[in-house]
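One structure below.
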Amino acid sequence: MGSRYDRALTIFSPDGHLFQVEYAMEAVRKGSSVVGIRGKKCVVLGVEKYAAAKLQDTRTVKKIAKLDSHIMLAFAGLNADARVLVNRARVECQSYRLTVEDAPTVEYISRWVAGTQQRYTQRGGVRPFGVSMLIAGFDPDGRPQLFKTEPSGAYSSWKAATTGKGDKTIREFLESAYEPDMENEQAIKMAVRALLDVADGGAKNIEVVVLTADKPDEVLSEERLEQL
């Protein structure tokens, strides 16, 4: 069935599928594991790091990016597609500040990113972005927020979310272990445990960032991750 209807992005199959969008979701499932957890006063983003080549500068391979002073994201999927979306989202954040004279909310920039992804599912001559993002940050009132976007252009708010490789395993763990209004340390430990369930190589192959409203974002050291 797929071979007849996956040639063009804009053609639905008789059973309602857009196969190119589904193939983009499959590219996400083959990407690095990503987890996001919203605590009482923090948001924790964690990603699995693949082993870099011996001569590669690891500083140039990042799965977590900063969009604005109070917003960060982690992604699973194609690095090049994510780079394009991240750069566009950064420009949109600055444009919003210039136009509105206020910082964009996490919901606004998540909706904007999802809208950009959706536009690439509805026109000929393009392909969907093969990337899913967890966007985290704080609203002006200091409330932590966590949103997830998908290649289809769908987006939604989450208390704890995952995407990428092993997402089913991590989601089952999050559903069983999540508690409302977790303190920072509890949320961090939960994110680390979720990633260690699927990551090869232990703590040295994961990266965790903690966002709090009143402090700069903190990248946890490998020594701290080993302790957790």
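Identifiers in this document derive from the order of the structure tokens: chains are assigned A, B, ..., residues are numbered from 1 separately in each chain, and ligands are numbered from 1 in order of occurrence.
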DSSP strand (DSSP E or B) residues within region 54-181 of chain A, listed as number ranges by chain | A: 64-68, 71-77, 131-138, 144-149, 155-157, 160-163
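Considering only C-alpha atoms, the residue among A:Glu175, A:Glu150, A:Glu48, A:Asp217 positioned nearest to Met72 (chain A) is A:Asp217.
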Return the single residue from A:Ile170, A:Leu55, A:Val131, A:Ala136 that is closest to Leu67 (chain A), with distances computed using only C-alpha atoms.
->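 Of all the options, A:Ala136 lies closest to Leu67 (chain A).
Using only C-alpha atoms, the contacts of Phe147 (chain A) at a cut-off of 10 Å, with sequence neighbours closer than 4 positions omitted, comprise Gly36, Arg38, Leu73, Val106, Glu107, Ile109, Ser110, Arg111, Met133, Leu134, Ile135, Ala136, Gly137, Tyr155, Ser156, Ser157, Trp158, Lys159, Ala160 and Ala161 of chain A.
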Counting only C-alpha atoms, what is within 9 Å of region 190-197 of chain A, bar same-chain residues fewer than 2 positions away, as a PyMOL selection string?
-> chain A and resi 33-37+44-48+166+169-171+173-174+177-178+185-188+199-203+206-208+225+228
Minimum-distance residue to Ile64 (chain A), chosen among A:Thr212, A:Ser32, A:Thr105, A:Thr99 (using only C-alpha atoms) = A:Ser32
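Take the candidates A:Gly125, A:Gly16, A:Gly31, A:Gly115 and check each one against Phe75 (chain A) using only C-alpha atoms; the shortest distance goes to A:Gly31.
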To one decimal place, how far is CA of Ala82 (chain A) from CA of Val28 (chain A) in Å?
-> 11.0 Å
Have a look at A:Gly130, A:Ala76, A:Pro140, A:Thr149 and name the one nearest to Trp112 (chain A); count only C-alpha atoms.
-> A:Thr149
Option closest in space to Ser152 (chain A), from A:Thr58, A:Asn184, A:Thr121, A:Ser95 [counting only C-alpha atoms] |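 With only C-alpha atoms as the atom set, the closest residue is A:Thr121.
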Shell around Asp214 (chain A) at 12 Å using only C-alpha atoms, local window under 4 positions removed, as a list of chain:residue names =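 These residues fall inside the cut-off: A:Lys41, A:Cys42, A:Ser69, A:His70, A:Gly137, A:Phe138, A:Pro140, A:Asp141, A:Gly142, A:Arg143, A:Pro144, A:Val210, A:Glu218.
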Grab the residues selected above and save them as a compact mmCIF listing (two decimals), in the first residue's frame with all heavy atoms.
# COMPACT_ATOMS: atom_id res chain seq x y z
N LYS A 41 9.78 23.65 40.56
CA LYS A 41 10.46 24.91 40.28
C LYS A 41 11.56 24.75 39.24
O LYS A 41 12.45 25.60 39.15
CB LYS A 41 11.07 25.47 41.57
CG LYS A 41 10.05 25.81 42.65
CD LYS A 41 10.72 26.36 43.90
CE LYS A 41 9.70 26.71 44.96
NZ LYS A 41 10.36 27.22 46.21
N CYS A 42 11.48 23.70 38.46
CA CYS A 42 12.53 23.46 37.47
C CYS A 42 11.98 22.68 36.30
O CYS A 42 10.87 22.13 36.36
CB CYS A 42 13.70 22.69 38.10
SG CYS A 42 13.33 20.95 38.43
N SER A 69 16.79 33.50 26.57
CA SER A 69 17.39 33.48 27.90
C SER A 69 16.67 32.54 28.85
O SER A 69 17.26 32.05 29.82
CB SER A 69 17.40 34.90 28.48
OG SER A 69 16.08 35.41 28.57
N HIS A 70 15.39 32.24 28.58
CA HIS A 70 14.58 31.42 29.49
C HIS A 70 13.99 30.19 28.82
O HIS A 70 13.15 29.51 29.41
CB HIS A 70 13.44 32.27 30.05
CG HIS A 70 12.50 32.78 28.98
ND1 HIS A 70 12.92 33.57 27.94
CD2 HIS A 70 11.19 32.57 28.78
CE1 HIS A 70 11.89 33.85 27.16
NE2 HIS A 70 10.83 33.24 27.64
N GLY A 137 11.04 25.75 29.48
CA GLY A 137 11.38 27.09 29.95
C GLY A 137 10.40 27.56 31.00
O GLY A 137 9.67 26.77 31.59
N PHE A 138 10.39 28.88 31.17
CA PHE A 138 9.56 29.48 32.21
C PHE A 138 8.75 30.64 31.63
O PHE A 138 9.25 31.42 30.82
CB PHE A 138 10.43 30.00 33.36
CG PHE A 138 11.05 28.89 34.16
CD1 PHE A 138 12.23 28.31 33.76
CD2 PHE A 138 10.43 28.42 35.31
CE1 PHE A 138 12.80 27.28 34.49
CE2 PHE A 138 10.98 27.38 36.04
CZ PHE A 138 12.17 26.81 35.63
N PRO A 140 6.48 34.25 32.14
CA PRO A 140 6.80 35.46 32.92
C PRO A 140 6.45 35.37 34.39
O PRO A 140 7.09 36.03 35.22
CB PRO A 140 5.97 36.54 32.21
CG PRO A 140 5.85 36.05 30.81
CD PRO A 140 5.74 34.56 30.91
N ASP A 141 5.44 34.57 34.74
CA ASP A 141 5.07 34.42 36.16
C ASP A 141 5.93 33.39 36.89
O ASP A 141 5.69 33.10 38.07
CB ASP A 141 3.59 34.07 36.29
CG ASP A 141 3.24 32.76 35.59
OD1 ASP A 141 4.16 32.09 35.05
OD2 ASP A 141 2.05 32.39 35.56
N GLY A 142 6.93 32.82 36.20
CA GLY A 142 7.84 31.88 36.84
C GLY A 142 7.41 30.44 36.81
O GLY A 142 8.10 29.57 37.37
N ARG A 143 6.31 30.12 36.15
CA ARG A 143 5.85 28.73 36.08
C ARG A 143 6.66 27.95 35.06
O ARG A 143 6.85 28.39 33.94
CB ARG A 143 4.37 28.66 35.72
CG ARG A 143 3.42 29.04 36.84
CD ARG A 143 1.99 28.75 36.45
NE ARG A 143 1.63 29.43 35.21
CZ ARG A 143 0.53 29.19 34.52
NH1 ARG A 143 -0.32 28.26 34.94
NH2 ARG A 143 0.25 29.86 33.42
N PRO A 144 7.16 26.75 35.42
CA PRO A 144 7.87 25.92 34.45
C PRO A 144 6.92 25.34 33.41
O PRO A 144 5.77 25.03 33.72
CB PRO A 144 8.48 24.81 35.31
CG PRO A 144 7.59 24.72 36.51
CD PRO A 144 7.08 26.12 36.75
N VAL A 210 19.59 21.44 33.65
CA VAL A 210 18.54 21.82 34.60
C VAL A 210 18.24 23.31 34.43
O VAL A 210 19.14 24.15 34.52
CB VAL A 210 18.99 21.54 36.05
CG1 VAL A 210 17.86 21.88 37.02
CG2 VAL A 210 19.41 20.09 36.21
N GLU A 218 21.95 24.96 34.13
CA GLU A 218 23.10 24.21 34.65
C GLU A 218 23.25 22.90 33.89
O GLU A 218 22.33 22.09 33.83
CB GLU A 218 22.90 23.93 36.14
CG GLU A 218 24.02 23.09 36.75
CD GLU A 218 23.72 22.64 38.17
OE1 GLU A 218 22.59 22.90 38.64
OE2 GLU A 218 24.60 22.02 38.79
Pairwise distance for CA of Ala27 (chain A) and CA of Val219 (chain A), rounded to one decimal in Å = 26.9 Å
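Take CA of Gly77 (chain A) and CA of Ser13 (chain A): the distance between them is 24.6 Å.
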From region 12-204 of chain A, collect each residue whose DSSP state is helix (DSSP H, G or I) and return the set as a PyMOL selection string.
-> chain A and resi 19-29+58-60+79-100+106-119+167-177+184-196+202-204
